[in-house]
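Heads up, coords29.txt below (compact mmCIF, C-alpha atoms):
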# COMPACT_ATOMS: atom_id res chain seq x y z
CA MET Y 1 -9.64 133.14 -98.24
CA ALA Y 2 -11.60 133.80 -101.45
CA HIS Y 3 -8.52 133.82 -103.70
CA HIS Y 4 -6.51 131.46 -101.50
CA THR Y 5 -3.67 133.86 -100.92
CA LEU Y 6 -2.01 133.33 -97.57
CA SER Y 7 -1.94 135.79 -94.66
CA PRO Y 8 1.34 136.56 -92.79
CA ARG Y 9 0.05 134.36 -89.93
CA GLN Y 10 -0.40 131.45 -92.33
CA TYR Y 11 3.15 131.96 -93.69
CA LEU Y 12 4.37 131.87 -90.06
CA ILE Y 13 2.63 128.50 -89.56
CA LEU Y 14 4.19 127.15 -92.79
CA GLY Y 15 7.56 128.41 -91.45
CA LEU Y 16 7.04 126.44 -88.22
CA VAL Y 17 6.13 123.36 -90.31
CA ALA Y 18 9.39 123.80 -92.26
CA VAL Y 19 11.71 124.36 -89.27
CA CYS Y 20 10.37 121.94 -86.63
CA ALA Y 21 10.36 118.80 -88.81
CA PRO Y 22 14.07 118.68 -89.87
CA LEU Y 23 15.28 119.79 -86.42
CA GLY Y 24 13.15 117.07 -84.81
CA ASP Y 25 14.42 114.46 -87.27
CA SER Y 26 18.04 115.47 -86.54
CA CYS Y 27 17.43 114.94 -82.81
CA LEU Y 28 15.89 111.50 -83.51
CA SER Y 29 18.83 110.53 -85.69
CA ARG Y 30 21.36 111.65 -83.08
CA GLY Y 31 19.52 109.68 -80.41
CA MET Y 32 19.11 106.49 -82.45
CA THR Y 33 22.69 106.31 -83.81
CA THR Y 34 24.17 106.39 -80.28
CA MET Y 35 21.96 103.46 -79.22
CA PRO Y 36 22.99 99.81 -79.57
CA ALA Y 37 21.37 97.97 -82.49
CA ILE Y 38 17.76 96.95 -81.88
CA ALA Y 39 16.88 93.47 -83.16
CA LEU Y 40 13.72 93.00 -85.25
CA ALA Y 41 12.68 90.36 -82.69
CA HIS Y 42 12.64 92.90 -79.83
CA PRO Y 43 10.37 95.80 -80.87
CA ALA Y 44 9.81 96.71 -77.19
CA ALA Y 45 13.29 98.26 -77.16
CA LEU Y 46 11.91 100.93 -79.54
CA ILE Y 47 9.43 101.99 -76.84
CA ALA Y 48 12.27 102.37 -74.31
CA ALA Y 49 14.13 104.57 -76.84
CA VAL Y 50 11.32 107.15 -76.59
CA PHE Y 51 12.45 108.09 -73.06
CA THR Y 52 16.08 108.98 -73.91
CA PRO Y 53 16.84 112.76 -73.97
CA TRP Y 54 17.60 113.22 -77.71
CA ILE Y 55 14.58 111.16 -78.78
CA ALA Y 56 12.36 113.03 -76.28
CA ALA Y 57 13.59 116.42 -77.60
CA GLY Y 58 12.99 115.20 -81.16
CA ILE Y 59 9.45 114.14 -80.25
CA ALA Y 60 8.74 117.54 -78.60
CA LEU Y 61 9.84 119.33 -81.82
CA LEU Y 62 7.80 116.90 -83.94
CA ILE Y 63 4.69 117.58 -81.82
CA GLY Y 64 5.19 121.31 -82.56
CA PHE Y 65 5.56 120.39 -86.22
CA PHE Y 66 2.40 118.26 -86.16
CA ALA Y 67 0.24 121.00 -84.59
CA SER Y 68 1.32 123.56 -87.20
CA TYR Y 69 1.10 120.93 -89.98
CA LEU Y 70 -2.52 120.09 -89.06
CA THR Y 71 -3.41 123.78 -89.00
CA ALA Y 72 -1.84 124.24 -92.45
CA LEU Y 73 -3.70 121.20 -93.82
CA SER Y 74 -6.99 122.70 -92.64
CA TRP Y 75 -6.64 125.61 -95.09
CA ALA Y 76 -4.25 124.30 -97.78
CA ASP Y 77 -3.80 121.21 -99.99
CA LEU Y 78 -1.47 118.36 -98.97
CA THR Y 79 0.48 118.83 -102.23
CA PHE Y 80 0.89 122.53 -101.29
CA VAL Y 81 2.06 121.93 -97.70
CA LEU Y 82 4.56 119.11 -98.40
CA PRO Y 83 7.05 121.17 -100.45
CA ALA Y 84 7.05 123.64 -97.51
CA THR Y 85 8.13 120.75 -95.27
CA ALA Y 86 10.97 119.96 -97.67
CA PHE Y 87 12.07 123.63 -97.59
CA GLY Y 88 13.01 123.03 -93.94
CA ASN Y 89 15.96 120.96 -95.18
CA VAL Y 90 17.23 124.06 -96.99
CA ILE Y 91 16.91 126.12 -93.78
CA VAL Y 92 18.84 123.48 -91.83
CA ALA Y 93 21.55 123.34 -94.54
CA PHE Y 94 22.00 127.14 -94.28
CA LEU Y 95 22.07 126.95 -90.47
CA SER Y 96 24.79 124.28 -90.61
CA ARG Y 97 26.76 126.36 -93.15
CA PHE Y 98 26.66 129.75 -91.45
CA TRP Y 99 26.20 128.81 -87.80
CA LEU Y 100 28.09 125.52 -87.47
CA HIS Y 101 30.49 126.44 -90.34
CA GLU Y 102 30.07 123.05 -92.03
CA ALA Y 103 31.19 122.69 -95.64
CA ILE Y 104 28.41 122.33 -98.23
CA SER Y 105 29.30 120.27 -101.31
CA ILE Y 106 28.26 121.19 -104.87
CA GLU Y 107 25.64 118.40 -104.80
CA ARG Y 108 24.06 119.96 -101.71
CA TRP Y 109 24.02 123.44 -103.26
CA ALA Y 110 22.32 121.86 -106.31
CA GLY Y 111 19.79 120.24 -103.95
CA ILE Y 112 19.12 123.59 -102.24
CA VAL Y 113 18.53 125.27 -105.62
CA LEU Y 114 16.13 122.50 -106.81
CA ILE Y 115 14.06 122.53 -103.60
CA THR Y 116 13.86 126.32 -103.62
CA LEU Y 117 12.73 126.27 -107.28
CA GLY Y 118 10.11 123.61 -106.50
CA VAL Y 119 8.74 125.49 -103.50
CA GLY Y 120 8.69 128.68 -105.57
CA PHE Y 121 6.62 126.93 -108.27
CA VAL Y 122 4.02 125.69 -105.78
CA ALA Y 123 3.85 128.93 -103.79
CA GLN Y 124 2.92 130.87 -106.95
CA GLY Y 125 -0.13 128.68 -107.54
CA PRO Y 126 -3.37 128.45 -105.55
CA SER Y 127 -3.02 126.91 -102.08
CA LEU Y 128 -6.36 125.07 -102.09
CA THR Y 129 -8.32 123.05 -104.67
CA GLN Y 130 -11.88 124.34 -104.97
CA HIS Y 131 -14.50 121.61 -104.74
CA PRO Y 132 -18.13 122.23 -105.70
CA ALA Y 133 -19.55 121.22 -102.29
CA PRO Y 134 -18.16 123.43 -99.52
CA ALA Y 135 -21.32 122.85 -97.42
CA ALA Y 136 -19.67 120.04 -95.44
CA ASN Y 137 -17.08 122.44 -94.03
CA GLU Y 138 -19.67 124.95 -92.86
CA HIS Y 139 -21.62 122.14 -91.27
CA ALA Y 140 -18.55 120.99 -89.32
CA VAL Y 141 -17.93 124.53 -88.03
CA LYS Y 142 -21.53 124.90 -86.88
CA GLU Y 143 -21.41 121.51 -85.20
CA VAL Y 144 -18.41 122.62 -83.14
CA GLU Y 145 -20.12 125.89 -82.23
CA THR Y 146 -23.21 124.20 -80.87
CA ARG Y 147 -21.26 121.89 -78.55
CA MET K 1 29.78 74.99 -107.25
CA THR K 2 29.42 75.39 -103.52
CA ILE K 3 26.58 77.18 -101.82
CA SER K 4 27.64 78.76 -98.59
CA LEU K 5 25.07 79.78 -96.03
CA PRO K 6 25.59 83.17 -94.41
CA ALA K 7 27.29 82.70 -91.07
CA ALA K 8 25.97 85.92 -89.55
CA PRO K 9 22.22 86.64 -89.35
CA LEU K 10 20.84 88.78 -92.18
CA THR K 11 21.04 92.49 -91.38
CA ALA K 12 19.61 95.44 -93.26
CA ALA K 13 23.08 96.86 -93.84
CA SER K 14 24.20 93.74 -95.72
CA ASN K 15 20.89 92.83 -97.42
CA PRO K 16 19.66 95.45 -99.90
CA TRP K 17 16.18 93.85 -100.08
CA LEU K 18 15.69 94.19 -96.33
CA ALA K 19 16.91 97.80 -96.50
CA ALA K 20 14.49 98.50 -99.39
CA ALA K 21 11.64 96.84 -97.46
CA MET K 22 12.36 99.05 -94.42
CA ILE K 23 12.34 102.22 -96.54
CA ALA K 24 9.21 101.07 -98.44
CA ALA K 25 7.45 100.49 -95.11
CA VAL K 26 8.28 104.06 -93.98
CA VAL K 27 7.13 105.52 -97.33
CA LEU K 28 3.84 103.58 -97.60
CA LEU K 29 2.87 104.01 -93.94
CA SER K 30 3.59 107.75 -93.91
CA THR K 31 1.79 108.33 -97.22
CA THR K 32 -1.31 106.52 -95.88
CA GLY K 33 -1.11 108.50 -92.63
CA GLU K 34 -0.64 111.85 -94.36
CA VAL K 35 -3.49 111.32 -96.83
CA LEU K 36 -5.88 110.26 -94.02
CA THR K 37 -4.79 113.23 -91.87
CA ALA K 38 -5.18 115.66 -94.77
CA ALA K 39 -8.67 114.24 -95.50
CA ALA K 40 -9.57 114.65 -91.81
CA MET K 41 -8.43 118.29 -91.72
CA LYS K 42 -10.33 119.08 -94.93
CA SER K 43 -13.52 117.57 -93.48
CA ILE K 44 -13.07 119.54 -90.23
CA GLY K 45 -12.53 122.88 -92.00
CA ASP K 46 -10.29 125.90 -91.45
CA LEU K 47 -8.84 125.54 -87.92
CA ASP K 48 -8.14 129.29 -87.69
CA VAL K 49 -11.82 130.01 -88.31
CA ILE K 50 -12.92 127.37 -85.78
CA ARG K 51 -10.50 128.76 -83.19
CA ALA K 52 -11.72 132.31 -83.77
CA ARG K 53 -15.29 131.14 -83.13
CA SER K 54 -14.96 128.52 -80.40
CA GLY K 55 -11.47 129.02 -78.96
CA LEU K 56 -8.46 126.69 -78.80
CA LYS K 57 -10.45 124.05 -76.89
CA GLY K 58 -13.07 124.05 -79.63
CA ALA K 59 -10.38 123.62 -82.29
CA ILE K 60 -8.73 120.77 -80.37
CA ARG K 61 -12.13 119.14 -79.80
CA ALA K 62 -12.94 119.41 -83.52
CA VAL K 63 -9.69 117.58 -84.35
CA ILE K 64 -9.75 114.84 -81.70
CA THR K 65 -13.39 113.91 -82.32
CA SER K 66 -12.62 113.04 -85.96
CA PRO K 67 -12.25 109.24 -86.51
CA LEU K 68 -10.43 109.92 -89.78
CA PHE K 69 -7.82 111.91 -87.81
CA PHE K 70 -7.17 108.95 -85.48
CA ALA K 71 -6.85 106.58 -88.42
CA GLY K 72 -4.24 109.00 -89.87
CA VAL K 73 -2.36 109.30 -86.56
CA PHE K 74 -2.35 105.50 -86.20
CA PHE K 75 -0.58 105.12 -89.56
CA LEU K 76 1.77 108.05 -88.83
CA ALA K 77 2.69 106.36 -85.52
CA LEU K 78 3.43 103.10 -87.38
CA ALA K 79 5.51 105.12 -89.86
CA PHE K 80 7.38 106.76 -86.96
CA PHE K 81 8.35 103.45 -85.37
CA SER K 82 9.33 101.97 -88.73
CA LEU K 83 11.54 105.07 -89.21
CA LEU K 84 13.19 104.54 -85.80
CA LEU K 85 13.82 100.91 -86.73
CA ALA K 86 15.25 101.90 -90.14
CA LEU K 87 17.51 104.58 -88.56
CA ASN K 88 18.80 102.00 -86.11
CA HIS K 89 19.88 99.62 -88.91
CA LEU K 90 20.72 101.94 -91.81
CA ASN K 91 22.60 105.21 -92.27
CA LEU K 92 20.68 108.46 -91.97
CA SER K 93 22.27 109.53 -95.28
CA LEU K 94 20.32 106.71 -96.97
CA VAL K 95 17.06 106.60 -94.97
CA ALA K 96 16.33 110.34 -94.78
CA PRO K 97 16.72 111.29 -98.48
CA ALA K 98 15.20 108.05 -99.78
CA SER K 99 12.10 108.13 -97.57
CA ALA K 100 11.57 111.91 -97.75
CA SER K 101 11.91 112.17 -101.53
CA LEU K 102 9.89 109.02 -102.32
CA THR K 103 7.13 110.17 -99.93
CA LEU K 104 6.82 113.45 -101.86
CA VAL K 105 6.07 111.62 -105.10
CA THR K 106 3.75 108.99 -103.56
CA ASN K 107 1.88 111.83 -101.80
CA ALA K 108 1.44 113.75 -105.05
CA ILE K 109 -0.05 110.60 -106.63
CA ALA K 110 -2.21 109.82 -103.57
CA GLY K 111 -3.29 113.49 -103.28
CA LYS K 112 -4.54 113.41 -106.86
CA ILE K 113 -6.30 110.01 -106.60
CA PHE K 114 -7.72 110.04 -103.06
CA LEU K 115 -7.99 113.72 -102.10
CA LYS K 116 -8.96 114.88 -105.63
CA GLU K 117 -6.43 117.70 -105.30
CA ASN K 118 -5.69 119.65 -108.43
CA VAL K 119 -2.12 118.40 -108.97
CA ASP K 120 -1.36 120.53 -112.03
CA ARG K 121 1.89 120.60 -114.04
CA ARG K 122 3.28 123.17 -111.62
CA ARG K 123 2.84 120.81 -108.64
CA TRP K 124 4.15 117.75 -110.52
CA ALA K 125 7.24 119.74 -111.50
CA ALA K 126 7.65 120.87 -107.90
CA ALA K 127 7.27 117.31 -106.55
CA VAL K 128 9.99 116.05 -108.92
CA LEU K 129 12.33 119.02 -108.31
CA VAL K 130 11.95 118.82 -104.53
CA CYS K 131 12.34 115.02 -104.67
CA ILE K 132 15.69 115.26 -106.52
CA GLY K 133 16.69 118.23 -104.36
CA VAL K 134 16.05 116.40 -101.08
CA TYR K 135 18.04 113.43 -102.37
CA LEU K 136 21.01 115.61 -103.38
CA LEU K 137 20.87 117.59 -100.14
CA ALA K 138 20.88 114.64 -97.78
CA HIS K 139 22.93 112.13 -99.78
Step by step, read the file and then write its structure as structure tokens.
Amino acid sequence: MAHHTLSPRQYLILGLVAVCAPLGDSCLSRGMTTMPAIALAHPAALIAAVFTPWIAAGIALLIGFFASYLTALSWADLTFVLPATAFGNVIVAFLSRFWLHEAISIERWAGIVLITLGVGFVAQGPSLTQHPAPAANEHAVKEVETR
Amino acid sequence: MTISLPAAPLTAASNPWLAAAMIAAVVLLSTTGEVLTAAAMKSIGDLDVIRARSGLKGAIRAVITSPLFFAGVFFLALAFFSLLLALNHLNLSLVAPASASLTLVTNAIAGKIFLKENVDRRRWAAAVLVCIGVYLLAH
């Protein structure tokens, strides 16, 4: 990790971050739009929504996303990981185009190009900001070892 | 001039301020949650290294014994429920691009101020490009 270049394993984790988040969000959206409107005065109805199948599937995918996201944040900057999350939208757009045969408008193609450019910019740079005091990290690792 | 009171109760779909407030709540809560979580993971250290040394249980223990992590998860949970509420009242084609693209920019600002990340011109450019891209893609 001296030069902060990523290993294939770390790219795999960033890939999981990218794919799980938009798929999970799509499940949530599908679940919530088929539900009757929830009034601001009855927030308990939001808790009940958690146990419907689409919302539950969305939550399962988002847990997978969160585990890989946390792992990525442990070795890369937040401003490095977030564009990777956005790249998931591009993957989902391609899946819907070539798998579900949905039409993609010119605006969406423009969006895909911009996100890809942005992710390309970030990926070329260093993944982690170097701070002068790395001693805290080593301390945390040793603390875990001794438990 | 007559002032007519709205007959129906105010809903987010008809009131742009309520819709903006719902989206702002999602953006601010998720930015707070993500910055706290990122700070927690930085203070814990490389999870791959910890797992190599003390196994998966050690890695999980390192994460769940961090108070900063729980503070982050608390705000992310609030953000999640505010997102569910927003999706229930507004169209996905508005909520998803607006919250996702605004969160990217607020995170870049918060990352620079609170996490002291080196947000150089390359990352600013990326944040803006991805922000516009997400909006175009989902709109």
Close residues, Leu28 in chain K itself excluded, 10 Å, all atoms listed in the file, min 6 positions apart in chain, as a PyMOL selection string | chain K and resi 34+75+79+99+102-103+106-107
Tell me, as a PyMOL selection string, which residues lie within 12 Å of Ser82 in chain K, counting all atoms listed in the file; anything in the same chain fewer than 6 positions away does not count.
-> (chain Y and resi 38+40+43+46-47) or (chain K and resi 19+21-30+75-76+88-90+95+99)
Can I get the residues of chain K within 6 Å of chain Y, each with the closest pair of atoms and their distance in Å to one decimal, using only C-alpha atoms, sorted chain first then ascending number, as CSV?
residue,atom,partner,partner_atom,distance
K:Ala38,CA,Y:Leu73,CA,5.8
K:Met41,CA,Y:Ser74,CA,4.7
K:Lys42,CA,Y:Ser74,CA,5.4
K:Ile44,CA,Y:Ala140,CA,5.7
K:Gly45,CA,Y:Asn137,CA,5.0
K:Asp46,CA,Y:Ser74,CA,4.7
K:Leu47,CA,Y:Thr71,CA,5.8
K:Asn88,CA,Y:Met32,CA,5.8
K:Ala108,CA,Y:Thr79,CA,5.9
K:Glu117,CA,Y:Thr129,CA,5.7
K:Asn118,CA,Y:Thr129,CA,5.7
K:Arg123,CA,Y:Val122,CA,5.8
K:Ala126,CA,Y:Gly118,CA,3.9
K:Leu129,CA,Y:Leu114,CA,5.4
K:Val130,CA,Y:Ile115,CA,4.4
K:Gly133,CA,Y:Gly111,CA,3.7
K:Leu136,CA,Y:Gly111,CA,4.8
K:Leu137,CA,Y:Arg108,CA,4.3
Neighbourhood query: residues within 12 Å of (-7.4, 110.4, -88.6), file coordinates, counting all atoms listed in the file; return as an MDAnalysis selection string.
-> (chainID Y and resid 70) or (chainID K and resid 32:44 62:77)
Distance of CA of Phe80 in chain K from CA of Tyr11 in chain Y, expressed in Å to one decimal place = 26.4 Å
Separation of CA of Phe81 in chain K from CA of Ala41 in chain Y in Å =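 For CA of Ala41 in chain Y relative to CA of Phe81 in chain K, the distance reads 14.0 Å.
Note that CA of Ala127 in chain K and CA of Val92 in chain Y are 19.7 Å apart.
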